[in-house]
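Coordinates as given in protein.pdb (PDB, C-alpha atoms):
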```pdb
ATOM      1  CA  LEU A  12       0.000   0.000   0.000
ATOM      2  CA  THR A  13       1.336   3.396  -1.025
ATOM      3  CA  ILE A  14      -0.523   6.687  -0.696
ATOM      4  CA  GLN A  15       0.069   9.310  -3.369
ATOM      5  CA  ASN A  16      -0.847  12.521  -1.549
ATOM      6  CA  GLY A  17       1.518  14.167   0.944
ATOM      7  CA  SER A  18       2.111  13.784   4.695
ATOM      8  CA  THR A  19       1.570  10.033   4.588
ATOM      9  CA  HIS A  20       4.018   9.067   7.344
ATOM     10  CA  ASP A  21       1.477   9.475  10.147
ATOM     11  CA  ILE A  22      -1.153   7.460   8.281
ATOM     12  CA  PHE A  23       1.266   4.592   7.735
ATOM     13  CA  LYS A  24       2.320   4.643  11.389
ATOM     14  CA  SER A  25      -1.303   4.734  12.551
ATOM     15  CA  ILE A  26      -1.842   1.471  10.669
ATOM     16  CA  SER A  27       1.380  -0.319  11.611
ATOM     17  CA  GLU A  28       1.781   0.842  15.230
ATOM     18  CA  THR A  29      -1.795  -0.034  16.183
ATOM     19  CA  ASN A  30      -1.574  -3.499  14.606
ATOM     20  CA  ILE A  31      -4.876  -2.954  12.815
ATOM     21  CA  LEU A  32      -3.371  -4.748   9.844
ATOM     22  CA  ALA A  33      -2.025  -7.730  11.757
ATOM     23  CA  ASN A  34       0.170  -9.163   9.007
ATOM     24  CA  GLY A  35       1.392  -5.818   7.633
ATOM     25  CA  PHE A  36       4.638  -4.013   8.270
ATOM     26  CA  PHE A  37       5.875  -0.512   7.624
ATOM     27  CA  ASP A  38       8.703  -0.142   5.090
ATOM     28  CA  ASP A  39      10.603   3.086   4.433
ATOM     29  CA  THR A  40      13.787   1.568   2.975
ATOM     30  CA  SER A  41      12.908   1.579  -0.726
ATOM     31  CA  ASP A  42      14.381   4.801  -2.184
ATOM     32  CA  ASN A  43      12.767   6.830   0.601
ATOM     33  CA  VAL A  44       9.288   5.683  -0.462
ATOM     34  CA  GLU A  45       7.121   4.758   2.529
ATOM     35  CA  MET A  46       4.642   1.918   2.253
ATOM     36  CA  ILE A  47       2.769  -0.768   4.135
ATOM     37  CA  ILE A  48       3.421  -4.306   2.901
ATOM     38  CA  PHE A  49       0.832  -7.002   3.635
ATOM     39  CA  THR A  50      -0.863 -10.079   2.191
ATOM     40  CA  ALA A  51      -4.595 -10.254   1.539
ATOM     41  CA  LYS A  52      -7.206 -12.047  -0.542
ATOM     42  CA  LYS A  53      -9.389  -8.960  -0.935
ATOM     43  CA  VAL A  54      -8.658  -5.222  -0.860
ATOM     44  CA  LYS A  55     -11.574  -2.915  -1.654
ATOM     45  CA  PRO A  56     -12.670   0.634  -0.825
ATOM     46  CA  LEU A  57     -15.642   0.816   1.506
ATOM     47  CA  SER A  58     -17.677   2.408  -1.304
ATOM     48  CA  VAL A  59     -17.311  -0.754  -3.420
ATOM     49  CA  ILE A  60     -18.189  -3.025  -0.505
ATOM     50  CA  LEU A  61     -21.428  -1.116   0.119
ATOM     51  CA  LYS A  62     -22.438  -1.342  -3.544
ATOM     52  CA  GLU A  63     -22.093  -5.121  -3.386
ATOM     53  CA  ASP A  64     -23.990  -5.637  -0.129
ATOM     54  CA  LYS A  65     -24.687  -3.962   3.205
ATOM     55  CA  LEU A  66     -22.322  -4.585   6.119
ATOM     56  CA  THR A  67     -23.233  -7.127   8.755
ATOM     57  CA  ASN A  68     -23.556  -6.107  12.385
ATOM     58  CA  GLN A  69     -20.224  -7.794  13.144
ATOM     59  CA  GLN A  70     -18.550  -5.821  10.340
ATOM     60  CA  ILE A  71     -20.006  -2.584  11.712
ATOM     61  CA  ILE A  72     -18.639  -3.381  15.161
ATOM     62  CA  LYS A  73     -15.222  -4.246  13.708
ATOM     63  CA  MET A  74     -15.172  -1.039  11.668
ATOM     64  CA  ILE A  75     -15.970   1.032  14.759
ATOM     65  CA  TYR A  76     -13.166  -0.714  16.646
ATOM     66  CA  ASP A  77     -10.553  -0.375  13.883
ATOM     67  CA  LEU A  78     -11.265   3.227  12.903
ATOM     68  CA  SER A  79     -11.532   4.393  16.528
ATOM     69  CA  LYS A  80      -8.175   2.780  17.248
ATOM     70  CA  GLN A  81      -6.529   4.497  14.282
ATOM     71  CA  ILE A  82      -8.081   7.868  15.108
ATOM     72  CA  ALA A  83      -6.999   7.607  18.760
ATOM     73  CA  TYR A  84      -3.397   6.946  17.703
ATOM     74  CA  LEU A  85      -3.390  10.011  15.461
ATOM     75  CA  GLU A  86      -4.901  12.192  18.178
ATOM     76  CA  ILE A  87      -2.176  11.189  20.623
ATOM     77  CA  ASN A  88       0.209  12.587  18.011
ATOM     78  CA  MET A  89      -1.916  15.765  17.733
ATOM     79  CA  ILE A  90      -3.399  14.968  14.333
ATOM     80  CA  SER A  91      -7.053  14.601  13.379
ATOM     81  CA  PHE A  92      -9.384  14.081  10.459
ATOM     82  CA  TYR A  93     -12.089  16.695   9.969
ATOM     83  CA  GLY A  94     -14.306  14.458   7.826
ATOM     84  CA  TYR A  95     -14.487  11.311   5.745
ATOM     85  CA  ASN A  96     -15.440   9.889   2.359
ATOM     86  CA  LEU A  97     -16.346   6.279   1.687
ATOM     87  CA  ASP A  98     -13.352   5.877  -0.615
ATOM     88  CA  ASP A  99     -10.995   6.906   2.215
ATOM     89  CA  VAL A 100     -11.658   3.621   4.033
ATOM     90  CA  LEU A 101     -10.027   0.425   2.772
ATOM     91  CA  VAL A 102     -11.532  -2.948   3.661
ATOM     92  CA  ILE A 103      -9.145  -5.899   3.842
ATOM     93  CA  ASN A 104     -10.568  -9.438   3.591
ATOM     94  CA  ASP A 105     -14.032  -8.079   4.482
ATOM     95  CA  ASN A 106     -13.134  -7.669   8.175
ATOM     96  CA  THR A 107     -10.306  -5.128   8.588
ATOM     97  CA  PHE A 108     -10.913  -1.401   8.151
ATOM     98  CA  PHE A 109      -8.577   1.577   8.085
ATOM     99  CA  ILE A 110      -8.345   5.052   6.605
ATOM    100  CA  ALA A 111      -5.788   5.263   3.806
ATOM    101  CA  SER A 112      -6.013   8.935   2.840
ATOM    102  CA  THR A 113      -4.559  12.205   4.115
ATOM    103  CA  LYS A 114      -7.033  14.420   2.264
ATOM    104  CA  TYR A 115      -8.851  15.518   5.431
ATOM    105  CA  LEU A 116      -5.959  15.110   7.869
ATOM    106  CA  VAL A 117      -4.872  18.213   9.806
ATOM    107  CA  ASN A 118      -2.878  19.146  12.898
ATOM    108  CA  ILE A 119      -4.475  19.734  16.283
ATOM    109  CA  ASN A 120      -3.341  22.911  18.006
ATOM    110  CA  ALA A 121      -1.587  21.866  21.225
ATOM    111  CA  LYS A 122      -2.698  24.975  23.131
ATOM    112  CA  ASP A 123      -6.455  24.842  22.678
ATOM    113  CA  TYR A 124      -7.086  21.480  20.944
ATOM    114  CA  ASN A 125      -8.719  23.162  17.979
ATOM    115  CA  ILE A 126      -8.287  22.545  14.275
ATOM    116  CA  TYR A 127      -7.504  25.733  12.344
ATOM    117  CA  PHE A 128      -8.345  26.463   8.720
ATOM    118  CA  TYR A 129      -6.479  29.223   6.882
ATOM    119  CA  ARG A 130      -7.522  28.422   3.306
ATOM    120  CA  PRO A 131     -10.601  27.026   1.559
ATOM    121  CA  ILE A 132     -11.138  23.298   2.078
ATOM    122  CA  ASP A 133     -12.978  20.511   0.307
ATOM    123  CA  LYS A 134     -16.032  19.539   2.301
ATOM    124  CA  PRO A 135     -16.051  15.791   2.990
ATOM    125  CA  TYR A 136     -19.148  13.746   2.263
ATOM    126  CA  PHE A 137     -19.460  12.923   5.967
ATOM    127  CA  SER A 138     -19.025  16.204   7.779
ATOM    128  CA  SER A 139     -20.140  17.872  11.014
ATOM    129  CA  PRO A 140     -22.446  20.767  11.947
ATOM    130  CA  GLU A 141     -19.436  22.772  13.141
ATOM    131  CA  LEU A 142     -17.633  22.414   9.826
ATOM    132  CA  ASN A 143     -20.790  23.106   7.867
ATOM    133  CA  GLU A 144     -21.294  26.392   9.713
ATOM    134  CA  LEU A 145     -17.903  27.867   8.781
ATOM    135  CA  THR A 146     -18.398  30.913   6.549
ATOM    136  CA  LYS A 147     -15.089  32.778   6.723
ATOM    137  CA  LEU A 148     -11.353  32.291   7.108
ATOM    138  CA  PRO A 149      -9.389  31.879   9.239
ATOM    139  CA  ALA A 150     -11.652  29.572  11.213
ATOM    140  CA  LYS A 151     -11.390  26.918  13.897
ATOM    141  CA  ILE A 152     -13.353  23.981  15.282
ATOM    142  CA  ASP A 153     -12.762  21.629  18.188
ATOM    143  CA  TYR A 154     -11.096  18.424  17.007
ATOM    144  CA  ARG A 155     -13.924  16.398  18.548
ATOM    145  CA  ALA A 156     -16.306  17.870  15.996
ATOM    146  CA  SER A 157     -14.987  15.155  13.689
ATOM    147  CA  TYR A 158     -16.551  12.461  15.889
ATOM    148  CA  TYR A 159     -19.881  13.520  14.408
ATOM    149  CA  SER A 160     -18.406  12.873  10.952
ATOM    150  CA  LEU A 161     -17.352   9.371  11.963
ATOM    151  CA  GLY A 162     -20.788   8.769  13.462
ATOM    152  CA  ALA A 163     -22.404   9.865  10.196
ATOM    153  CA  LEU A 164     -20.200   7.397   8.313
ATOM    154  CA  ILE A 165     -21.069   4.526  10.669
ATOM    155  CA  LEU A 166     -24.772   5.400  10.571
ATOM    156  CA  PHE A 167     -24.752   5.359   6.764
ATOM    157  CA  CYS A 168     -23.088   1.956   6.716
ATOM    158  CA  SER A 169     -25.564   0.634   9.300
ATOM    159  CA  THR A 170     -28.843   2.036   7.976
ATOM    160  CA  ASN A 171     -28.121   3.677   4.591
ATOM    161  CA  ILE A 172     -29.302   6.980   6.120
ATOM    162  CA  TYR A 173     -27.256  10.040   5.164
ATOM    163  CA  ILE A 174     -27.721  12.231   8.213
ATOM    164  CA  PHE A 175     -25.592  15.139   6.995
ATOM    165  CA  SER A 176     -28.345  16.079   4.579
ATOM    166  CA  GLU A 177     -30.487  16.968   7.610
ATOM    167  CA  LEU A 178     -28.048  19.345   9.306
ATOM    168  CA  THR A 179     -29.875  22.432   8.044
ATOM    169  CA  LYS A 180     -33.185  21.374   9.599
ATOM    170  CA  GLU A 181     -34.645  23.138  12.611
ATOM    171  CA  GLU A 182     -33.388  21.681  15.901
ATOM    172  CA  ASP A 183     -36.682  19.976  16.820
ATOM    173  CA  ASP A 184     -37.026  18.504  13.333
ATOM    174  CA  PHE A 185     -33.456  17.282  13.374
ATOM    175  CA  LEU A 186     -33.916  15.582  16.765
ATOM    176  CA  GLU A 187     -36.931  13.704  15.448
ATOM    177  CA  ILE A 188     -35.086  12.671  12.268
ATOM    178  CA  PHE A 189     -32.072  11.629  14.331
ATOM    179  CA  LEU A 190     -34.108   9.400  16.641
ATOM    180  CA  GLU A 191     -35.884   7.823  13.674
ATOM    181  CA  SER A 192     -32.574   7.149  11.937
ATOM    182  CA  LEU A 193     -31.314   5.140  14.912
ATOM    183  CA  GLU A 194     -34.484   3.057  15.224
ATOM    184  CA  PRO A 195     -33.162   0.108  13.126
ATOM    185  CA  ILE A 196     -30.226  -0.353  15.534
ATOM    186  CA  LYS A 197     -31.875   0.879  18.724
ATOM    187  CA  TYR A 198     -30.242  -0.300  21.961
ATOM    188  CA  THR A 199     -27.481  -2.202  20.188
ATOM    189  CA  LYS A 200     -23.844  -1.407  20.972
ATOM    190  CA  PRO A 201     -23.447   0.684  17.772
ATOM    191  CA  TYR A 202     -26.534   2.657  18.838
ATOM    192  CA  TRP A 203     -24.902   3.821  22.081
ATOM    193  CA  PHE A 204     -21.628   4.518  20.273
ATOM    194  CA  LEU A 205     -23.442   6.766  17.784
ATOM    195  CA  LYS A 206     -25.323   8.635  20.512
ATOM    196  CA  ARG A 207     -21.958   9.608  22.021
ATOM    197  CA  CYS A 208     -20.754  10.800  18.603
ATOM    198  CA  PHE A 209     -23.830  12.974  18.035
ATOM    199  CA  TYR A 210     -23.911  15.033  21.238
ATOM    200  CA  GLU A 211     -24.843  18.609  20.381
ATOM    201  CA  ASP A 212     -21.858  19.936  22.360
ATOM    202  CA  CYS A 213     -18.832  18.637  20.453
ATOM    203  CA  LYS A 214     -16.680  18.787  23.606
ATOM    204  CA  LYS A 215     -18.885  16.051  25.101
ATOM    205  CA  ARG A 216     -18.475  13.739  22.119
ATOM    206  CA  ILE A 217     -16.374  10.640  22.691
ATOM    207  CA  LEU A 218     -15.408   7.521  20.762
ATOM    208  CA  LEU A 219     -16.448   4.880  23.277
ATOM    209  CA  PHE A 220     -17.727   1.429  22.368
ATOM    210  CA  ILE A 221     -18.774  -0.783  25.257
TER     211      ILE A 221
END
```

As structure tokens:
Amino acid sequence: LTIQNGSTHDIFKSISETNILANGFFDDTSDNVEMIIFTAKKVKPLSVILKEDKLTNQQIIKMIYDLSKQIAYLEINMISFYGYNLDDVLVINDNTFFIASTKYLVNINAKDYNIYFYRPIDKPYFSSPELNELTKLPAKIDYRASYYSLGALILFCSTNIYIFSELTKEEDDFLEIFLESLEPIKYTKPYWFLKRCFYEDCKKRILLFI
């Protein structure tokens, strides 16, 4: 696995150091080109997997575990995603998930734990209310705003509901839509995980699966 866009070192380390890809190892000895080397029967973007079939509950749980683990590693190193696309996630052998893109990867400010934007950005498909509300530059959002984005990704994979399209609704309408969207997985472990991702106050959001 090689990634074409820049600043890939942290992505590679977040895969190798966390052992998400159990049989993979990080290699930076080939003409200064960094890569992850691994064996697999299947390697597909999440977008392709979802076109073929919906994910099982066990796959959803494994995806939550793998992506949360990778995100936590990056955050320890003061780096965060601010959103996600389906093509950013690679699925290995139908049961291992990790993000293999730096498109939405940014630094976390060590003083206030915010993400700062100084130039126009591409809005990810799975975004957050805080990012959607930005109208001028420079701008900042708390890094935990991105937990909403991850929740939106997981919800889409679980129920095929694209919750970001409802972010402009009135608060009462959005709450009703939100509760309805979680009905198919109500009281399951992913349900409680998503509730923690979707807290209105982004500082209360947490990636916790129990």

Problem set entry | Counting all atoms listed in the file, the residue of A:Ile132, A:Leu218, A:Ile71, A:Leu57 that sits nearest Leu97 (chain A) |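 Smallest distance to Leu97 (chain A) is found for A:Leu57.
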
Problem set entry | Residues matched by the PyMOL selection byres ((chain A and resi 31-37) around 10), written as number ranges by chain | A: 12, 20, 23-30, 38-40, 45-51, 76-78, 80-81, 103, 107-109

For this session: Record the distance separating CA of Tyr154 (chain A) and CA of Ile119 (chain A), expressed in Å with one decimal.
Result: 6.8 Å

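Interatomic distance, CA of Asp153 (chain A) to CA of Asp123 (chain A): 8.4 Å.
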
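Of the residues listed (A:Ile90, A:Val102, A:Val117, A:Ala150), A:Val102 shows the shortest atom-to-atom separation from Ser58 (chain A); distances use all atoms listed in the file.
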
Problem set entry | Distance criterion (only C-alpha atoms): nearest to Tyr129 (chain A) out of A:Leu148, A:Leu142, A:Thr113, A:Gln69 |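 Of the candidates, the smallest distance to Tyr129 (chain A) is held by A:Leu148.
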
For this session: Measuring atom to atom with only C-alpha atoms, identify which of A:Ile126, A:Leu164, A:Leu61, A:Ile152 is nearest to Ser138 (chain A).
Result: A:Leu164

For this session: Work out how far CA of Lys215 (chain A) is from CA of Phe167 (chain A), in Å to one decimal.
Result: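 Going from CA of Phe167 (chain A) over to CA of Lys215 (chain A) covers 22.0 Å.
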
Using the chain letters and residue numbers of this document, give as a PDB file with C-alpha atoms, in the frame of the given file the residues selected by the PyMOL selection byres ((chain A and resi 104) around 6).
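See result-v4.pdb below for the written result:
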```
ATOM      1  CA  LYS A  52      -7.206 -12.047  -0.542  1.00  0.00           C
ATOM      2  CA  LYS A  53      -9.389  -8.960  -0.935  1.00  0.00           C
ATOM      3  CA  ILE A 103      -9.145  -5.899   3.842  1.00  0.00           C
ATOM      4  CA  ASP A 105     -14.032  -8.079   4.482  1.00  0.00           C
ATOM      5  CA  ASN A 106     -13.134  -7.669   8.175  1.00  0.00           C
TER       6      ASN A 106
END
```

For this session: For the structure shown, which residues end up in the PyMOL selection byres ((chain A and resi 110) around 6)? Put them as a ChimeraX atom specification, please?
Result: /A:99-100,109,111-112

Selection file, C-alpha atoms, as a PDB file, in the coordinates of the input:
```
ATOM      1  CA  ASP A  99     -10.995   6.906   2.215  1.00  0.00           C
ATOM      2  CA  VAL A 100     -11.658   3.621   4.033  1.00  0.00           C
ATOM      3  CA  PHE A 109      -8.577   1.577   8.085  1.00  0.00           C
ATOM      4  CA  ALA A 111      -5.788   5.263   3.806  1.00  0.00           C
ATOM      5  CA  SER A 112      -6.013   8.935   2.840  1.00  0.00           C
TER       6      SER A 112
END
```

Residues of region 124-144 of chain A that approach region 157-163 of chain A to 12 Å or less, counting only C-alpha atoms: could you list each one with the shortest pair of atoms and its distance in Å to one decimal, rows by chain and increasing residue number, as a Markdown table?
```
| residue | atom | partner | partner_atom | distance |
| --- | --- | --- | --- | --- |
| A:Asn125 | CA | A:Ser157 | CA | 11.0 |
| A:Ile126 | CA | A:Ser157 | CA | 10.0 |
| A:Lys134 | CA | A:Ser160 | CA | 11.2 |
| A:Pro135 | CA | A:Ser160 | CA | 8.8 |
| A:Tyr136 | CA | A:Ser160 | CA | 8.8 |
| A:Phe137 | CA | A:Ser160 | CA | 5.1 |
| A:Ser138 | CA | A:Ser160 | CA | 4.6 |
| A:Ser139 | CA | A:Ser160 | CA | 5.3 |
| A:Pro140 | CA | A:Tyr159 | CA | 8.1 |
| A:Glu141 | CA | A:Ser157 | CA | 8.8 |
| A:Leu142 | CA | A:Ser157 | CA | 8.6 |
| A:Asn143 | CA | A:Ser160 | CA | 11.0 |
```

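Distance annotation: of A:Ile174, A:Ile196, A:Ala156, A:Ile165, the residue with the minimal separation from Asp212 (chain A) is A:Ala156; atom set is all atoms listed in the file.
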
For this session: Enumerate, as a ChimeraX atom specification, the protein, DNA and RNA residues whose atoms approach (-25.3, 0.6, 14.2) to within 9 Å, taking into account only C-alpha atoms and the coordinate frame of the file.
Result: /A:68,71-72,165-170,193,195-197,199-205

Quick one: 4 Å padding each side, axis-aligned, all listed atoms of region 63-70 of chain A - centre and edge lengths in Å to one decimal, as AutoDock Vina command-line options?
```
--center_x -21.6 --center_y -5.9 --center_z 4.9 --size_x 14.1 --size_y 11.8 --size_z 24.5
```

Within 6 Å of (0.5, 20.1, 20.4), in the coordinates the file gives, what residues turn up when you count all atoms listed in the file, written out as a short mmCIF file (atom, residue, chain, number, x, y, z; two decimals) with C-alpha atoms, in the coordinates of the input?
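Saved the output as result.cif:
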```cif
data_model
loop_
_atom_site.label_atom_id
_atom_site.label_comp_id
_atom_site.auth_asym_id
_atom_site.auth_seq_id
_atom_site.Cartn_x
_atom_site.Cartn_y
_atom_site.Cartn_z
CA MET A 89 -1.92 15.76 17.73
CA ASN A 120 -3.34 22.91 18.01
CA ALA A 121 -1.59 21.87 21.22
#
```

Please, can region 116-127 of chain A be completed to all heavy atoms and returned as a CSV table (one decimal), keeping the file's coordinate frame?
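Produced file result_10.csv, reproduced below:
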```csv
chain,number,residue,atom,x,y,z
A,116,LEU,N,-6.8,15.2,6.7
A,116,LEU,CA,-6.0,15.1,7.9
A,116,LEU,C,-5.3,16.4,8.2
A,116,LEU,O,-4.7,17.1,7.3
A,116,LEU,CB,-4.9,14.0,7.6
A,116,LEU,CG,-4.1,13.6,8.9
A,116,LEU,CD1,-5.0,12.8,9.8
A,116,LEU,CD2,-3.0,12.7,8.4
A,117,VAL,N,-5.4,16.9,9.4
A,117,VAL,CA,-4.9,18.2,9.8
A,117,VAL,C,-4.3,18.1,11.2
A,117,VAL,O,-4.6,17.2,12.0
A,117,VAL,CB,-6.0,19.3,9.8
A,117,VAL,CG1,-6.4,19.6,8.4
A,117,VAL,CG2,-7.2,18.9,10.6
A,118,ASN,N,-3.5,19.1,11.6
A,118,ASN,CA,-2.9,19.1,12.9
A,118,ASN,C,-3.9,19.7,13.9
A,118,ASN,O,-4.7,20.5,13.6
A,118,ASN,CB,-1.6,20.0,12.9
A,118,ASN,CG,-0.5,19.4,12.1
A,118,ASN,OD1,-0.3,18.2,12.1
A,118,ASN,ND2,0.3,20.2,11.4
A,119,ILE,N,-3.7,19.2,15.2
A,119,ILE,CA,-4.5,19.7,16.3
A,119,ILE,C,-3.6,20.7,17.0
A,119,ILE,O,-2.4,20.4,17.3
A,119,ILE,CB,-4.9,18.6,17.3
A,119,ILE,CG1,-5.8,17.6,16.5
A,119,ILE,CG2,-5.6,19.2,18.5
A,119,ILE,CD1,-6.1,16.4,17.4
A,120,ASN,N,-4.1,21.9,17.3
A,120,ASN,CA,-3.3,22.9,18.0
A,120,ASN,C,-3.1,22.5,19.5
A,120,ASN,O,-4.1,22.2,20.2
A,120,ASN,CB,-4.1,24.3,18.0
A,120,ASN,CG,-3.2,25.4,18.6
A,120,ASN,OD1,-3.1,25.5,19.8
A,120,ASN,ND2,-2.7,26.2,17.7
A,121,ALA,N,-1.9,22.4,19.9
A,121,ALA,CA,-1.6,21.9,21.2
A,121,ALA,C,-2.1,22.8,22.4
A,121,ALA,O,-2.2,22.3,23.5
A,121,ALA,CB,-0.1,21.6,21.3
A,122,LYS,N,-2.3,24.0,22.1
A,122,LYS,CA,-2.7,25.0,23.1
A,122,LYS,C,-4.2,24.9,23.5
A,122,LYS,O,-4.6,25.0,24.6
A,122,LYS,CB,-2.3,26.4,22.7
A,122,LYS,CG,-0.8,26.6,22.7
A,122,LYS,CD,-0.5,28.1,22.3
A,122,LYS,CE,1.0,28.3,22.3
A,122,LYS,NZ,1.3,29.7,21.9
A,123,ASP,N,-5.0,24.8,22.4
A,123,ASP,CA,-6.5,24.8,22.7
A,123,ASP,C,-7.2,23.6,22.1
A,123,ASP,O,-8.4,23.6,22.2
A,123,ASP,CB,-7.1,26.1,22.1
A,123,ASP,CG,-6.8,26.3,20.6
A,123,ASP,OD1,-6.4,25.4,20.0
A,123,ASP,OD2,-7.0,27.4,20.1
A,124,TYR,N,-6.5,22.7,21.5
A,124,TYR,CA,-7.1,21.5,20.9
A,124,TYR,C,-8.1,21.8,19.9
A,124,TYR,O,-9.1,21.1,19.7
A,124,TYR,CB,-7.7,20.6,22.1
A,124,TYR,CG,-6.6,20.1,23.0
A,124,TYR,CD1,-6.4,20.8,24.2
A,124,TYR,CD2,-5.9,19.0,22.7
A,124,TYR,CE1,-5.4,20.3,25.0
A,124,TYR,CE2,-4.9,18.5,23.5
A,124,TYR,CZ,-4.6,19.2,24.7
A,124,TYR,OH,-3.7,18.7,25.6
A,125,ASN,N,-7.9,22.8,19.1
A,125,ASN,CA,-8.7,23.2,18.0
A,125,ASN,C,-8.0,22.8,16.7
A,125,ASN,O,-6.8,22.7,16.6
A,125,ASN,CB,-9.1,24.7,18.0
A,125,ASN,CG,-10.1,25.0,19.0
A,125,ASN,OD1,-11.0,24.3,19.3
A,125,ASN,ND2,-9.9,26.2,19.6
A,126,ILE,N,-8.8,22.7,15.6
A,126,ILE,CA,-8.3,22.5,14.3
A,126,ILE,C,-8.5,23.9,13.6
A,126,ILE,O,-9.6,24.5,13.7
A,126,ILE,CB,-9.1,21.5,13.5
A,126,ILE,CG1,-8.9,20.1,14.1
A,126,ILE,CG2,-8.7,21.5,12.0
A,126,ILE,CD1,-9.8,19.0,13.6
A,127,TYR,N,-7.4,24.4,13.0
A,127,TYR,CA,-7.5,25.7,12.3
A,127,TYR,C,-7.5,25.6,10.8
A,127,TYR,O,-6.8,24.8,10.3
A,127,TYR,CB,-6.3,26.6,12.8
A,127,TYR,CG,-6.5,27.2,14.2
A,127,TYR,CD1,-6.2,26.4,15.3
A,127,TYR,CD2,-7.0,28.5,14.4
A,127,TYR,CE1,-6.4,26.9,16.6
A,127,TYR,CE2,-7.1,29.0,15.7
A,127,TYR,CZ,-6.8,28.2,16.7
A,127,TYR,OH,-7.0,28.7,18.0
```
